Every structure is written in structure tokens, then in C-alpha cells.
file run_4.csv (CSV, C-alpha atoms and all ligand atoms)
chain,number,residue,atom,x,y,z
H,1,MET,CA,3.3,1.8,-17.3
H,2,LYS,CA,1.3,-0.5,-15.1
H,3,ILE,CA,0.6,0.2,-11.4
H,4,ALA,CA,-1.5,-1.7,-8.8
H,5,ILE,CA,-2.7,0.2,-5.8
H,6,PHE,CA,-4.3,-1.3,-2.6
H,7,ALA,CA,-5.1,-0.3,0.9
H,8,GLY,CA,-3.9,-2.2,4.0
H,9,SER,CA,-7.4,-1.9,5.3
H,10,THR,CA,-10.7,-3.5,4.2
H,11,ARG,CA,-12.8,-1.5,6.7
H,12,THR,CA,-16.0,0.1,5.4
H,13,GLY,CA,-15.2,3.8,5.2
H,14,SER,CA,-11.4,3.2,5.5
H,15,ILE,CA,-9.5,6.5,5.2
H,16,ASN,CA,-6.7,4.6,3.5
H,17,GLY,CA,-9.3,3.3,1.0
H,18,LYS,CA,-10.2,7.0,0.5
H,19,LEU,CA,-6.6,7.8,-0.2
H,20,VAL,CA,-6.5,5.0,-2.7
H,21,ASN,CA,-9.5,6.5,-4.5
H,22,ALA,CA,-7.9,10.0,-4.4
H,23,LEU,CA,-4.6,8.7,-5.9
H,24,HIS,CA,-6.3,6.6,-8.6
H,25,PRO,CA,-7.2,9.6,-10.9
H,26,LEU,CA,-3.8,11.2,-10.3
H,27,LEU,CA,-2.1,8.0,-11.5
H,28,VAL,CA,-4.4,7.8,-14.5
H,29,GLU,CA,-3.7,11.5,-15.4
H,30,ALA,CA,0.0,10.7,-15.1
H,31,GLY,CA,-0.4,8.0,-17.8
H,32,PHE,CA,-0.5,4.8,-15.7
H,33,GLU,CA,-2.7,1.8,-16.4
H,34,VAL,CA,-4.1,1.5,-12.9
H,35,THR,CA,-5.4,-1.7,-11.2
H,36,VAL,CA,-7.1,-1.0,-7.9
H,37,LEU,CA,-7.1,-4.1,-5.7
H,38,SER,CA,-8.8,-4.9,-2.4
H,39,LEU,CA,-7.3,-7.3,0.1
H,40,SER,CA,-10.9,-8.5,0.8
H,41,ASP,CA,-10.6,-10.3,-2.5
H,42,TYR,CA,-7.4,-12.0,-1.2
H,43,GLU,CA,-8.3,-13.3,2.2
H,44,MET,CA,-5.6,-15.4,3.8
H,45,PRO,CA,-5.5,-17.2,7.2
H,46,LEU,CA,-3.2,-15.8,9.8
H,47,TYR,CA,0.3,-17.2,9.1
H,48,ASP,CA,0.8,-20.4,10.9
H,49,GLY,CA,3.6,-22.9,10.2
H,50,ASP,CA,1.5,-25.9,10.8
H,51,TRP,CA,-1.2,-24.6,8.5
H,52,GLU,CA,1.4,-24.0,5.9
H,53,GLU,CA,2.8,-27.6,6.4
H,54,ALA,CA,-0.7,-29.0,5.9
H,55,ASN,CA,-1.9,-26.8,3.1
H,56,GLY,CA,1.0,-25.0,1.4
H,57,ALA,CA,0.6,-21.2,0.7
H,58,PRO,CA,-2.9,-20.0,0.2
H,59,GLU,CA,-4.1,-19.7,-3.4
H,60,THR,CA,-5.0,-16.1,-2.6
H,61,ALA,CA,-1.4,-15.3,-1.8
H,62,LYS,CA,-0.3,-16.8,-5.1
H,63,ALA,CA,-3.1,-15.0,-7.0
H,64,LEU,CA,-2.2,-11.6,-5.5
H,65,ALA,CA,1.5,-12.1,-6.1
H,66,ALA,CA,0.7,-13.0,-9.7
H,67,VAL,CA,-1.1,-9.7,-10.2
H,68,LEU,CA,1.6,-7.7,-8.5
H,69,SER,CA,4.5,-9.3,-10.3
H,70,GLN,CA,3.1,-8.1,-13.7
H,71,GLN,CA,3.2,-4.4,-12.6
H,72,ASP,CA,5.9,-1.8,-13.1
H,73,ALA,CA,4.9,-0.4,-9.7
H,74,VAL,CA,2.9,-1.3,-6.6
H,75,TYR,CA,1.4,1.4,-4.4
H,76,VAL,CA,0.6,0.3,-0.8
H,77,VAL,CA,-1.6,2.6,1.2
H,78,SER,CA,-1.5,1.6,4.9
H,79,PRO,CA,-3.0,2.4,8.2
H,80,GLU,CA,-0.8,2.8,11.2
H,81,TYR,CA,-1.5,0.6,14.2
H,82,ASN,CA,0.5,1.4,17.3
H,83,GLY,CA,3.3,2.9,15.2
H,84,SER,CA,3.4,-0.2,12.9
H,85,LEU,CA,1.7,-2.3,10.3
H,86,PRO,CA,-1.9,-3.5,10.6
H,87,PRO,CA,-1.8,-7.3,10.9
H,88,LEU,CA,-3.8,-7.6,7.6
H,89,LEU,CA,-0.9,-6.0,5.7
H,90,LYS,CA,1.9,-7.8,7.6
H,91,ASN,CA,0.2,-11.1,7.1
H,92,THR,CA,-0.3,-10.5,3.4
H,93,ILE,CA,3.4,-9.4,3.0
H,94,ASP,CA,4.6,-12.5,4.9
H,95,TRP,CA,2.4,-15.0,3.1
H,96,MET,CA,3.7,-13.7,-0.3
H,97,THR,CA,7.2,-14.5,0.8
H,98,ARG,CA,6.2,-18.1,1.2
H,99,ILE,CA,4.9,-18.9,-2.3
H,100,GLY,CA,8.2,-19.9,-4.0
H,101,THR,CA,8.7,-16.7,-6.1
H,102,MET,CA,9.7,-13.2,-5.1
H,103,ASP,CA,8.8,-11.6,-8.5
H,104,GLN,CA,6.0,-9.6,-6.8
H,105,TYR,CA,8.7,-7.9,-4.7
H,106,HIS,CA,11.6,-7.9,-7.1
H,107,ASN,CA,9.9,-6.9,-10.4
H,108,PRO,CA,7.9,-3.7,-9.6
H,109,ILE,CA,9.0,-0.7,-7.7
H,110,TRP,CA,6.9,-0.3,-4.5
H,111,LEU,CA,5.6,3.0,-3.2
H,112,ILE,CA,4.2,3.6,0.3
H,113,ALA,CA,1.5,6.0,1.5
H,114,SER,CA,-0.5,6.3,4.7
H,115,CYS,CA,-3.5,8.2,5.9
H,116,THR,CA,-4.2,8.8,9.6
H,117,PRO,CA,-6.9,10.6,11.6
H,118,GLY,CA,-4.2,12.6,13.5
H,119,PRO,CA,-1.5,14.9,12.2
H,120,MET,CA,1.4,12.5,12.1
H,121,ALA,CA,0.5,11.1,8.7
H,122,GLY,CA,1.7,7.6,9.3
H,123,ILE,CA,5.4,8.4,9.4
H,124,MET,CA,6.2,5.5,11.7
H,125,VAL,CA,4.3,2.8,9.7
H,126,MET,CA,5.8,4.0,6.4
H,127,ARG,CA,9.3,3.6,7.7
H,128,GLN,CA,8.5,0.1,8.9
H,129,ILE,CA,7.0,-0.9,5.6
H,130,GLN,CA,10.0,0.5,3.9
H,131,TYR,CA,12.3,-1.5,6.2
H,132,ILE,CA,10.4,-4.8,5.6
H,133,LEU,CA,10.2,-4.4,1.9
H,134,THR,CA,13.9,-3.4,1.6
H,135,ARG,CA,14.8,-6.4,3.8
H,136,ILE,CA,13.3,-8.7,1.2
H,137,GLY,CA,15.0,-7.1,-1.7
H,138,THR,CA,12.3,-4.8,-3.0
H,139,GLN,CA,13.1,-1.5,-4.7
H,140,VAL,CA,11.2,1.1,-2.7
H,141,LEU,CA,10.7,4.6,-3.9
H,142,GLN,CA,12.3,6.8,-1.2
H,143,PHE,CA,9.6,9.5,-1.5
H,144,GLN,CA,6.5,8.6,0.6
H,145,LEU,CA,3.0,10.2,0.9
H,146,GLY,CA,1.7,10.8,4.4
H,147,VAL,CA,-1.7,12.3,4.7
H,148,GLY,CA,-2.7,13.3,8.2
H,149,ASN,CA,-5.9,14.9,9.6
H,150,ALA,CA,-8.0,12.7,7.4
H,151,ALA,CA,-11.3,14.3,8.3
H,152,THR,CA,-10.4,17.4,6.3
H,153,ALA,CA,-8.0,15.7,3.8
H,154,PHE,CA,-10.5,14.9,1.0
H,155,ASP,CA,-12.9,17.3,-0.9
H,156,GLU,CA,-16.5,16.5,-1.8
H,157,ASN,CA,-15.3,14.6,-4.9
H,158,GLY,CA,-12.9,12.5,-2.8
H,159,ARG,CA,-9.8,14.2,-4.2
H,160,LEU,CA,-7.0,15.5,-2.0
H,161,ALA,CA,-8.2,18.8,-0.6
H,162,ARG,CA,-4.9,20.4,0.6
H,163,ASP,CA,-2.3,21.9,-1.8
H,164,PHE,CA,0.7,20.6,0.0
H,165,GLU,CA,-0.5,17.0,-0.1
H,166,LYS,CA,-1.6,17.3,-3.8
H,167,ASP,CA,1.9,18.6,-4.6
H,168,LEU,CA,3.5,15.8,-2.6
H,169,ALA,CA,1.3,13.2,-4.3
H,170,ASP,CA,2.3,14.6,-7.7
H,171,LYS,CA,6.0,14.7,-6.8
H,172,VAL,CA,5.9,11.1,-5.7
H,173,ILE,CA,4.3,10.1,-9.1
H,174,MET,CA,6.8,12.3,-11.1
H,175,ASN,CA,9.7,10.6,-9.2
H,176,LEU,CA,8.3,7.2,-10.0
H,177,LYS,CA,8.0,8.0,-13.7
H,178,LYS,CA,11.6,9.2,-13.6
H,179,ARG,CA,12.7,5.9,-11.9
H,180,LEU,CA,10.8,3.8,-14.4
H,181,LYS,CA,12.4,5.6,-17.4
H,182,SER,CA,15.9,5.4,-16.0
G,1,LIG,C1,-5.1,-1.1,17.1
G,1,LIG,C2,-5.0,0.3,16.5
G,1,LIG,C3,-3.9,1.0,16.7
G,1,LIG,C4,-3.8,2.3,16.2
G,1,LIG,N1,-2.6,3.0,16.3
G,1,LIG,C5,-2.5,4.2,15.6
G,1,LIG,C6,-1.2,4.8,15.5
G,1,LIG,O1,-0.2,4.3,16.0
G,1,LIG,N2,-1.1,6.0,14.8
G,1,LIG,C7,-2.2,6.5,14.2
G,1,LIG,O2,-2.0,7.6,13.5
G,1,LIG,N3,-3.4,5.9,14.2
G,1,LIG,C8,-3.6,4.8,14.9
G,1,LIG,N4,-4.8,4.2,15.0
G,1,LIG,C9,-5.9,4.8,14.4
G,1,LIG,C10,-6.0,4.5,12.9
G,1,LIG,O3,-5.2,5.3,12.2
G,1,LIG,C11,-7.5,4.7,12.4
G,1,LIG,O4,-8.3,3.7,13.1
G,1,LIG,C12,-7.6,4.6,10.9
G,1,LIG,O5,-8.9,5.0,10.6
G,1,LIG,C13,-7.4,3.2,10.4
G,1,LIG,O6,-7.3,3.2,9.0
G,1,LIG,P1,-8.5,2.8,8.0
G,1,LIG,O7,-9.6,3.9,8.3
G,1,LIG,O8,-7.9,2.9,6.7
G,1,LIG,O9,-9.0,1.5,8.4
G,1,LIG,C14,-4.9,2.9,15.5
G,1,LIG,C15,-6.1,2.1,15.3
G,1,LIG,C16,-6.1,0.9,15.9
G,1,LIG,C17,-7.4,0.0,15.6
call {"tool": "encode", "arguments": {"input": "run_4.csv", "output": "C-alpha cells", "more": "lines below"}}
Ligand SMILES: Cc1cc2nc3c(=O)[nH]c(=O)nc-3n(C[C@H](O)[C@H](O)[C@H](O)COP(=O)(O)O)c2cc1C
result
Amino acid sequence: MKIAIFAGSTRTGSINGKLVNALHPLLVEAGFEVTVLSLSDYEMPLYDGDWEEANGAPETAKALAAVLSQQDAVYVVSPEYNGSLPPLLKNTIDWMTRIGTMDQYHNPIWLIASCTPGPMAGIMVMRQIQYILTRIGTQVLQFQLGVGNAATAFDENGRLARDFEKDLADKVIMNLKKRLKS
């Protein structure tokens, strides 16, 4: 079972990057072949119709889509900006709908997680990502992982520190495995 995981932030010290790093060993322990991706390796211009007319879709959008389309699952771990998606993630999702194939959305099951400094754990952005992905025909796992209060969410080894979030992370992965076997 192959899974790719990436954060919707490329910021140094990103708490969503930290959540990616905490989920990585859990996915390996669950038997997944894990590919950790960084959107900094797939830079794309801000979507602009004139740019697209002149250049077509960016090669980076095609390259990222090619990697994602080979996966059984894709785990997106996103910051919440004003109750919604950060422009980096929305732009990446949008460009990948412009490359001529939707395999990256239609082949793998997508999972959604979010990490926030405050207690609300990204519930608004996760709903919005779910809506957008569903709108473009993606199978989205209905269980989501929200991790709030980021300052105390990770232990000294970078793993999830609190039992209820560890349990939730495990439940999401168990649910994914069930879905992939059915
Ligand atoms: C423009 C902007 C809007 C934000 N809006 C929210 C928000 O709606 N909810 C929230 O929990 N945090 C919000 N934050 C705080 C982010 O969760 C915080 O900056 C977080 O560290 C970003 O994720 P990262 O560390 O992975 O880059 C916002 C931050 C920015 C820059």
C-alpha cells in the first residue's frame, strides 16, 4: 500500500510539517510505503488564465500529479488561514485540475489533517478541503485528524504527545486500511 503525505505549508518550522513528520512513522508501522513530499519541490505560479494560455500547465503540477496518481492514498496536512485553505494549497489543487488528467484525484483515496496553534484543530479548513476534493470527484476518507494546541502536541521525538490524538491518528489509518482492502 503506497501513500504520499505532504503539508500545505513550506514554512520553516511549520507545525503542519511537524504533523507530517509525526504521521510518517505511524504510517510505516501500519505497513505503508510512505513518500513524504514538500510543495517547495513543486513551485507553481499563482494560477492565471493568461499565463496558462501562454505556457500551458506548469511542469511541476504535472510532476506532482504523476507522483500522486501512483499512490493508493494521499494525506494532505493543511494549515488553516481565515477558516479556509492557504493559497499555496488551493493553487496546487487548482493547477492539478488543469493538466489534462484527474488520475491524481480519482486513483488514490485522499485523507485530510490539520494542525493549528489554537484549540480548534483546523475543523473549518478540513471541511473546505473535503468539499473541494469531493467536488472534483475525489474519494475522501470521512475521518479527519485535527491537532490543536500545537505548542504541546509533539513530544521531544516529534511524535504526537497526547493519547486522544494518537488514538485518532491510529483510527484514521485503520479506517484507510479497511477502505483499501474493501
Ligand atoms: C493569513 C493567516 C490566517 C490564519 N487564520 C487562521 C485560522 O483561521 N485558524 C487558525 O487556527 N489559525 C490561523 N492562522 C494561524 C496559523 O494556523 C499558523 O500561522 C500556523 O502556524 C500555520 O501553519 P504552519 O505552521 O504549518 O505554516 C492564520 C495564519 C495566517 C498567516
call {"tool": "residues_around", "arguments": {"input": "run_4.csv", "residues": "segment 37-50 of chain H", "least_positions_apart": "4", "cutoff": "7 Å", "atoms": "only C-alpha atoms", "output": "PyMOL selection string"}}
result
chain H and resi 4-7+10+54+58+60-61+64+91+95
call {"tool": "residues_around", "arguments": {"input": "run_4.csv", "residues": "Val34 of chain H", "least_positions_apart": "4", "cutoff": "9 Å", "atoms": "all atoms listed in the file", "output": "PyMOL selection string"}}
result
chain H and resi 1-5+24-25+27-28
call {"tool": "closest_atom_pairs", "arguments": {"input": "run_4.csv", "of": "chain H", "to": "ligand LIG 1 (chain G)", "cutoff": "9 Å", "atoms": "only C-alpha atoms and all ligand atoms", "output": "JSON lines"}}
result
{"residue": "H:Ala7", "atom": "CA", "partner": "G:LIG1", "partner_atom": "O8", "distance": 7.2}
{"residue": "H:Gly8", "atom": "CA", "partner": "G:LIG1", "partner_atom": "O8", "distance": 7.0}
{"residue": "H:Ser9", "atom": "CA", "partner": "G:LIG1", "partner_atom": "O9", "distance": 4.9}
{"residue": "H:Thr10", "atom": "CA", "partner": "G:LIG1", "partner_atom": "O9", "distance": 6.7}
{"residue": "H:Arg11", "atom": "CA", "partner": "G:LIG1", "partner_atom": "O9", "distance": 5.1}
{"residue": "H:Thr12", "atom": "CA", "partner": "G:LIG1", "partner_atom": "O9", "distance": 7.7}
{"residue": "H:Gly13", "atom": "CA", "partner": "G:LIG1", "partner_atom": "O7", "distance": 6.4}
{"residue": "H:Ser14", "atom": "CA", "partner": "G:LIG1", "partner_atom": "O7", "distance": 3.4}
{"residue": "H:Ile15", "atom": "CA", "partner": "G:LIG1", "partner_atom": "O7", "distance": 4.0}
{"residue": "H:Asn16", "atom": "CA", "partner": "G:LIG1", "partner_atom": "O8", "distance": 3.8}
{"residue": "H:Gly17", "atom": "CA", "partner": "G:LIG1", "partner_atom": "O8", "distance": 5.9}
{"residue": "H:Lys18", "atom": "CA", "partner": "G:LIG1", "partner_atom": "O8", "distance": 7.8}
{"residue": "H:Leu19", "atom": "CA", "partner": "G:LIG1", "partner_atom": "O8", "distance": 8.6}
{"residue": "H:Val77", "atom": "CA", "partner": "G:LIG1", "partner_atom": "O8", "distance": 8.4}
{"residue": "H:Ser78", "atom": "CA", "partner": "G:LIG1", "partner_atom": "O8", "distance": 6.8}
{"residue": "H:Pro79", "atom": "CA", "partner": "G:LIG1", "partner_atom": "O6", "distance": 4.4}
{"residue": "H:Glu80", "atom": "CA", "partner": "G:LIG1", "partner_atom": "C6", "distance": 4.8}
{"residue": "H:Tyr81", "atom": "CA", "partner": "G:LIG1", "partner_atom": "N1", "distance": 3.4}
{"residue": "H:Asn82", "atom": "CA", "partner": "G:LIG1", "partner_atom": "O1", "distance": 3.3}
{"residue": "H:Gly83", "atom": "CA", "partner": "G:LIG1", "partner_atom": "O1", "distance": 3.9}
{"residue": "H:Ser84", "atom": "CA", "partner": "G:LIG1", "partner_atom": "O1", "distance": 6.5}
{"residue": "H:Leu85", "atom": "CA", "partner": "G:LIG1", "partner_atom": "O1", "distance": 8.9}
{"residue": "H:Pro86", "atom": "CA", "partner": "G:LIG1", "partner_atom": "C1", "distance": 7.6}
{"residue": "H:Ser114", "atom": "CA", "partner": "G:LIG1", "partner_atom": "O8", "distance": 8.4}
{"residue": "H:Cys115", "atom": "CA", "partner": "G:LIG1", "partner_atom": "O8", "distance": 6.9}
{"residue": "H:Thr116", "atom": "CA", "partner": "G:LIG1", "partner_atom": "O3", "distance": 4.5}
{"residue": "H:Pro117", "atom": "CA", "partner": "G:LIG1", "partner_atom": "O3", "distance": 5.6}
{"residue": "H:Gly118", "atom": "CA", "partner": "G:LIG1", "partner_atom": "O2", "distance": 5.5}
{"residue": "H:Pro119", "atom": "CA", "partner": "G:LIG1", "partner_atom": "O2", "distance": 7.4}
{"residue": "H:Met120", "atom": "CA", "partner": "G:LIG1", "partner_atom": "O2", "distance": 6.1}
{"residue": "H:Ala121", "atom": "CA", "partner": "G:LIG1", "partner_atom": "O2", "distance": 6.4}
{"residue": "H:Gly122", "atom": "CA", "partner": "G:LIG1", "partner_atom": "O2", "distance": 5.6}
{"residue": "H:Ile123", "atom": "CA", "partner": "G:LIG1", "partner_atom": "O2", "distance": 8.5}
{"residue": "H:Met124", "atom": "CA", "partner": "G:LIG1", "partner_atom": "O1", "distance": 7.8}
{"residue": "H:Val125", "atom": "CA", "partner": "G:LIG1", "partner_atom": "O1", "distance": 7.9}
{"residue": "H:Gly148", "atom": "CA", "partner": "G:LIG1", "partner_atom": "O2", "distance": 7.8}
{"residue": "H:Ala150", "atom": "CA", "partner": "G:LIG1", "partner_atom": "O5", "distance": 8.4}
call {"tool": "write_last_selection", "arguments": {"input": "run_4.csv", "atoms": "C-alpha atoms", "output": "PDB file, keeping the file's coordinate frame"}}
result
ATOM      1  CA  ALA H   7      -5.100  -0.300   0.900  1.00  0.00           C
ATOM      2  CA  GLY H   8      -3.900  -2.200   4.000  1.00  0.00           C
ATOM      3  CA  SER H   9      -7.400  -1.900   5.300  1.00  0.00           C
ATOM      4  CA  THR H  10     -10.700  -3.500   4.200  1.00  0.00           C
ATOM      5  CA  ARG H  11     -12.800  -1.500   6.700  1.00  0.00           C
ATOM      6  CA  THR H  12     -16.000   0.100   5.400  1.00  0.00           C
ATOM      7  CA  GLY H  13     -15.200   3.800   5.200  1.00  0.00           C
ATOM      8  CA  SER H  14     -11.400   3.200   5.500  1.00  0.00           C
ATOM      9  CA  ILE H  15      -9.500   6.500   5.200  1.00  0.00           C
ATOM     10  CA  ASN H  16      -6.700   4.600   3.500  1.00  0.00           C
ATOM     11  CA  GLY H  17      -9.300   3.300   1.000  1.00  0.00           C
ATOM     12  CA  LYS H  18     -10.200   7.000   0.500  1.00  0.00           C
ATOM     13  CA  LEU H  19      -6.600   7.800  -0.200  1.00  0.00           C
ATOM     14  CA  VAL H  77      -1.600   2.600   1.200  1.00  0.00           C
ATOM     15  CA  SER H  78      -1.500   1.600   4.900  1.00  0.00           C
ATOM     16  CA  PRO H  79      -3.000   2.400   8.200  1.00  0.00           C
ATOM     17  CA  GLU H  80      -0.800   2.800  11.200  1.00  0.00           C
ATOM     18  CA  TYR H  81      -1.500   0.600  14.200  1.00  0.00           C
ATOM     19  CA  ASN H  82       0.500   1.400  17.300  1.00  0.00           C
ATOM     20  CA  GLY H  83       3.300   2.900  15.200  1.00  0.00           C
ATOM     21  CA  SER H  84       3.400  -0.200  12.900  1.00  0.00           C
ATOM     22  CA  LEU H  85       1.700  -2.300  10.300  1.00  0.00           C
ATOM     23  CA  PRO H  86      -1.900  -3.500  10.600  1.00  0.00           C
ATOM     24  CA  SER H 114      -0.500   6.300   4.700  1.00  0.00           C
ATOM     25  CA  CYS H 115      -3.500   8.200   5.900  1.00  0.00           C
ATOM     26  CA  THR H 116      -4.200   8.800   9.600  1.00  0.00           C
ATOM     27  CA  PRO H 117      -6.900  10.600  11.600  1.00  0.00           C
ATOM     28  CA  GLY H 118      -4.200  12.600  13.500  1.00  0.00           C
ATOM     29  CA  PRO H 119      -1.500  14.900  12.200  1.00  0.00           C
ATOM     30  CA  MET H 120       1.400  12.500  12.100  1.00  0.00           C
ATOM     31  CA  ALA H 121       0.500  11.100   8.700  1.00  0.00           C
ATOM     32  CA  GLY H 122       1.700   7.600   9.300  1.00  0.00           C
ATOM     33  CA  ILE H 123       5.400   8.400   9.400  1.00  0.00           C
ATOM     34  CA  MET H 124       6.200   5.500  11.700  1.00  0.00           C
ATOM     35  CA  VAL H 125       4.300   2.800   9.700  1.00  0.00           C
ATOM     36  CA  GLY H 148      -2.700  13.300   8.200  1.00  0.00           C
ATOM     37  CA  ALA H 150      -8.000  12.700   7.400  1.00  0.00           C
TER      38      ALA H 150
END
call {"tool": "atom_distance", "arguments": {"input": "run_4.csv", "atom1": "atom CA of Asn157 of chain H", "atom2": "atom CA of Val20 of chain H"}}
result
13.2 Å
call {"tool": "atom_distance", "arguments": {"input": "run_4.csv", "atom1": "atom CA of Arg98 of chain H", "atom2": "atom CA of Ala57 of chain H"}}
result
6.4 Å
call {"tool": "atom_distance", "arguments": {"input": "run_4.csv", "atom1": "atom CA of Pro108 of chain H", "atom2": "atom CA of Gln70 of chain H"}}
result
7.7 Å
call {"tool": "closest_residue", "arguments": {"input": "run_4.csv", "among": "H:Met174, H:Val67, H:Leu111, H:Leu133", "to": "Lys90 of chain H", "atoms": "all atoms listed in the file"}}
result
H:Leu133
call {"tool": "closest_residue", "arguments": {"input": "run_4.csv", "among": "H:Gln142, H:Gln104, H:Thr152, H:Ser69", "to": "Glu165 of chain H", "atoms": "all atoms listed in the file"}}
result
H:Thr152
call {"tool": "closest_residue", "arguments": {"input": "run_4.csv", "among": "H:Met96, H:Leu180, H:Phe164, H:Ile109", "to": "Gly56 of chain H", "atoms": "only C-alpha atoms"}}
result
H:Met96
call {"tool": "closest_residue", "arguments": {"input": "run_4.csv", "among": "H:Asn107, H:Thr101, H:Gln130, H:Asn55", "to": "Val76 of chain H", "atoms": "only C-alpha atoms"}}
result
H:Gln130
call {"tool": "closest_residue", "arguments": {"input": "run_4.csv", "among": "H:Trp51, H:Tyr131, H:Phe154, H:Tyr105", "to": "Asn21 of chain H", "atoms": "all atoms listed in the file"}}
result
H:Phe154
call {"tool": "decode", "arguments": {"input": "run_4.csv", "residues": "segment 67-93 of chain H", "atoms": "N, CA and C atoms", "output": "mmCIF file, in the first residue's frame"}}
result
data_model
loop_
_atom_site.group_PDB
_atom_site.id
_atom_site.type_symbol
_atom_site.label_atom_id
_atom_site.label_comp_id
_atom_site.auth_asym_id
_atom_site.auth_seq_id
_atom_site.Cartn_x
_atom_site.Cartn_y
_atom_site.Cartn_z
ATOM 1 N N VAL H 67 3.222 11.762 -9.431
ATOM 2 C CA VAL H 67 3.563 11.033 -8.193
ATOM 3 C C VAL H 67 2.279 10.630 -7.457
ATOM 4 N N LEU H 68 1.352 11.565 -7.336
ATOM 5 C CA LEU H 68 0.132 11.290 -6.554
ATOM 6 C C LEU H 68 -0.736 10.217 -7.209
ATOM 7 N N SER H 69 -0.757 10.217 -8.535
ATOM 8 C CA SER H 69 -1.644 9.267 -9.224
ATOM 9 C C SER H 69 -1.181 7.822 -9.049
ATOM 10 N N GLN H 70 0.083 7.637 -8.651
ATOM 11 C CA GLN H 70 0.621 6.280 -8.438
ATOM 12 C C GLN H 70 0.321 5.741 -7.045
ATOM 13 N N GLN H 71 -0.283 6.562 -6.187
ATOM 14 C CA GLN H 71 -0.479 6.181 -4.780
ATOM 15 C C GLN H 71 -1.835 5.501 -4.568
ATOM 16 N N ASP H 72 -1.897 4.704 -3.496
ATOM 17 C CA ASP H 72 -3.209 4.203 -3.045
ATOM 18 C C ASP H 72 -3.908 5.269 -2.214
ATOM 19 N N ALA H 73 -3.103 6.127 -1.571
ATOM 20 C CA ALA H 73 -3.685 7.172 -0.725
ATOM 21 C C ALA H 73 -2.780 8.395 -0.739
ATOM 22 N N VAL H 74 -3.400 9.545 -0.508
ATOM 23 C CA VAL H 74 -2.673 10.817 -0.413
ATOM 24 C C VAL H 74 -3.150 11.501 0.864
ATOM 25 N N TYR H 75 -2.200 11.882 1.709
ATOM 26 C CA TYR H 75 -2.539 12.508 3.002
ATOM 27 C C TYR H 75 -2.115 13.971 2.914
ATOM 28 N N VAL H 76 -3.078 14.883 2.973
ATOM 29 C CA VAL H 76 -2.760 16.300 2.914
ATOM 30 C C VAL H 76 -2.950 16.904 4.307
ATOM 31 N N VAL H 77 -1.928 17.599 4.761
ATOM 32 C CA VAL H 77 -1.886 18.128 6.130
ATOM 33 C C VAL H 77 -1.792 19.645 6.026
ATOM 34 N N SER H 78 -2.914 20.304 6.287
ATOM 35 C CA SER H 78 -3.009 21.716 5.885
ATOM 36 C C SER H 78 -3.158 22.696 7.038
ATOM 37 N N PRO H 79 -2.480 23.828 6.940
ATOM 38 C CA PRO H 79 -2.797 24.939 7.846
ATOM 39 C C PRO H 79 -4.193 25.477 7.546
ATOM 40 N N GLU H 80 -4.717 26.221 8.501
ATOM 41 C CA GLU H 80 -5.984 26.942 8.296
ATOM 42 C C GLU H 80 -5.676 28.426 8.240
ATOM 43 N N TYR H 81 -6.105 29.065 7.151
ATOM 44 C CA TYR H 81 -5.956 30.516 7.011
ATOM 45 C C TYR H 81 -7.358 31.122 6.954
ATOM 46 N N ASN H 82 -7.700 31.908 7.957
ATOM 47 C CA ASN H 82 -9.011 32.562 7.993
ATOM 48 C C ASN H 82 -10.139 31.575 7.697
ATOM 49 N N GLY H 83 -10.060 30.450 8.366
ATOM 50 C CA GLY H 83 -11.103 29.428 8.250
ATOM 51 C C GLY H 83 -11.087 28.681 6.936
ATOM 52 N N SER H 84 -10.007 28.827 6.164
ATOM 53 C CA SER H 84 -10.003 28.241 4.822
ATOM 54 C C SER H 84 -8.608 27.738 4.454
ATOM 55 N N LEU H 85 -8.428 27.457 3.152
ATOM 56 C CA LEU H 85 -7.154 26.889 2.702
ATOM 57 C C LEU H 85 -6.088 27.977 2.531
ATOM 58 N N PRO H 86 -4.827 27.654 2.837
ATOM 59 C CA PRO H 86 -3.747 28.577 2.475
ATOM 60 C C PRO H 86 -3.653 28.637 0.954
ATOM 61 N N PRO H 87 -3.308 29.802 0.404
ATOM 62 C CA PRO H 87 -3.244 29.924 -1.062
ATOM 63 C C PRO H 87 -2.313 28.909 -1.710
ATOM 64 N N LEU H 88 -1.246 28.545 -1.030
ATOM 65 C CA LEU H 88 -0.317 27.548 -1.596
ATOM 66 C C LEU H 88 -1.050 26.252 -1.935
ATOM 67 N N LEU H 89 -1.880 25.787 -1.016
ATOM 68 C CA LEU H 89 -2.568 24.513 -1.238
ATOM 69 C C LEU H 89 -3.663 24.657 -2.285
ATOM 70 N N LYS H 90 -4.435 25.747 -2.197
ATOM 71 C CA LYS H 90 -5.526 25.934 -3.164
ATOM 72 C C LYS H 90 -4.963 26.049 -4.576
ATOM 73 N N ASN H 91 -3.857 26.783 -4.692
ATOM 74 C CA ASN H 91 -3.223 26.958 -6.000
ATOM 75 C C ASN H 91 -2.737 25.620 -6.556
ATOM 76 N N THR H 92 -2.154 24.811 -5.665
ATOM 77 C CA THR H 92 -1.643 23.498 -6.087
ATOM 78 C C THR H 92 -2.805 22.609 -6.536
ATOM 79 N N ILE H 93 -3.877 22.590 -5.748
ATOM 80 C CA ILE H 93 -5.051 21.783 -6.118
ATOM 81 C C ILE H 93 -5.616 22.276 -7.451
#
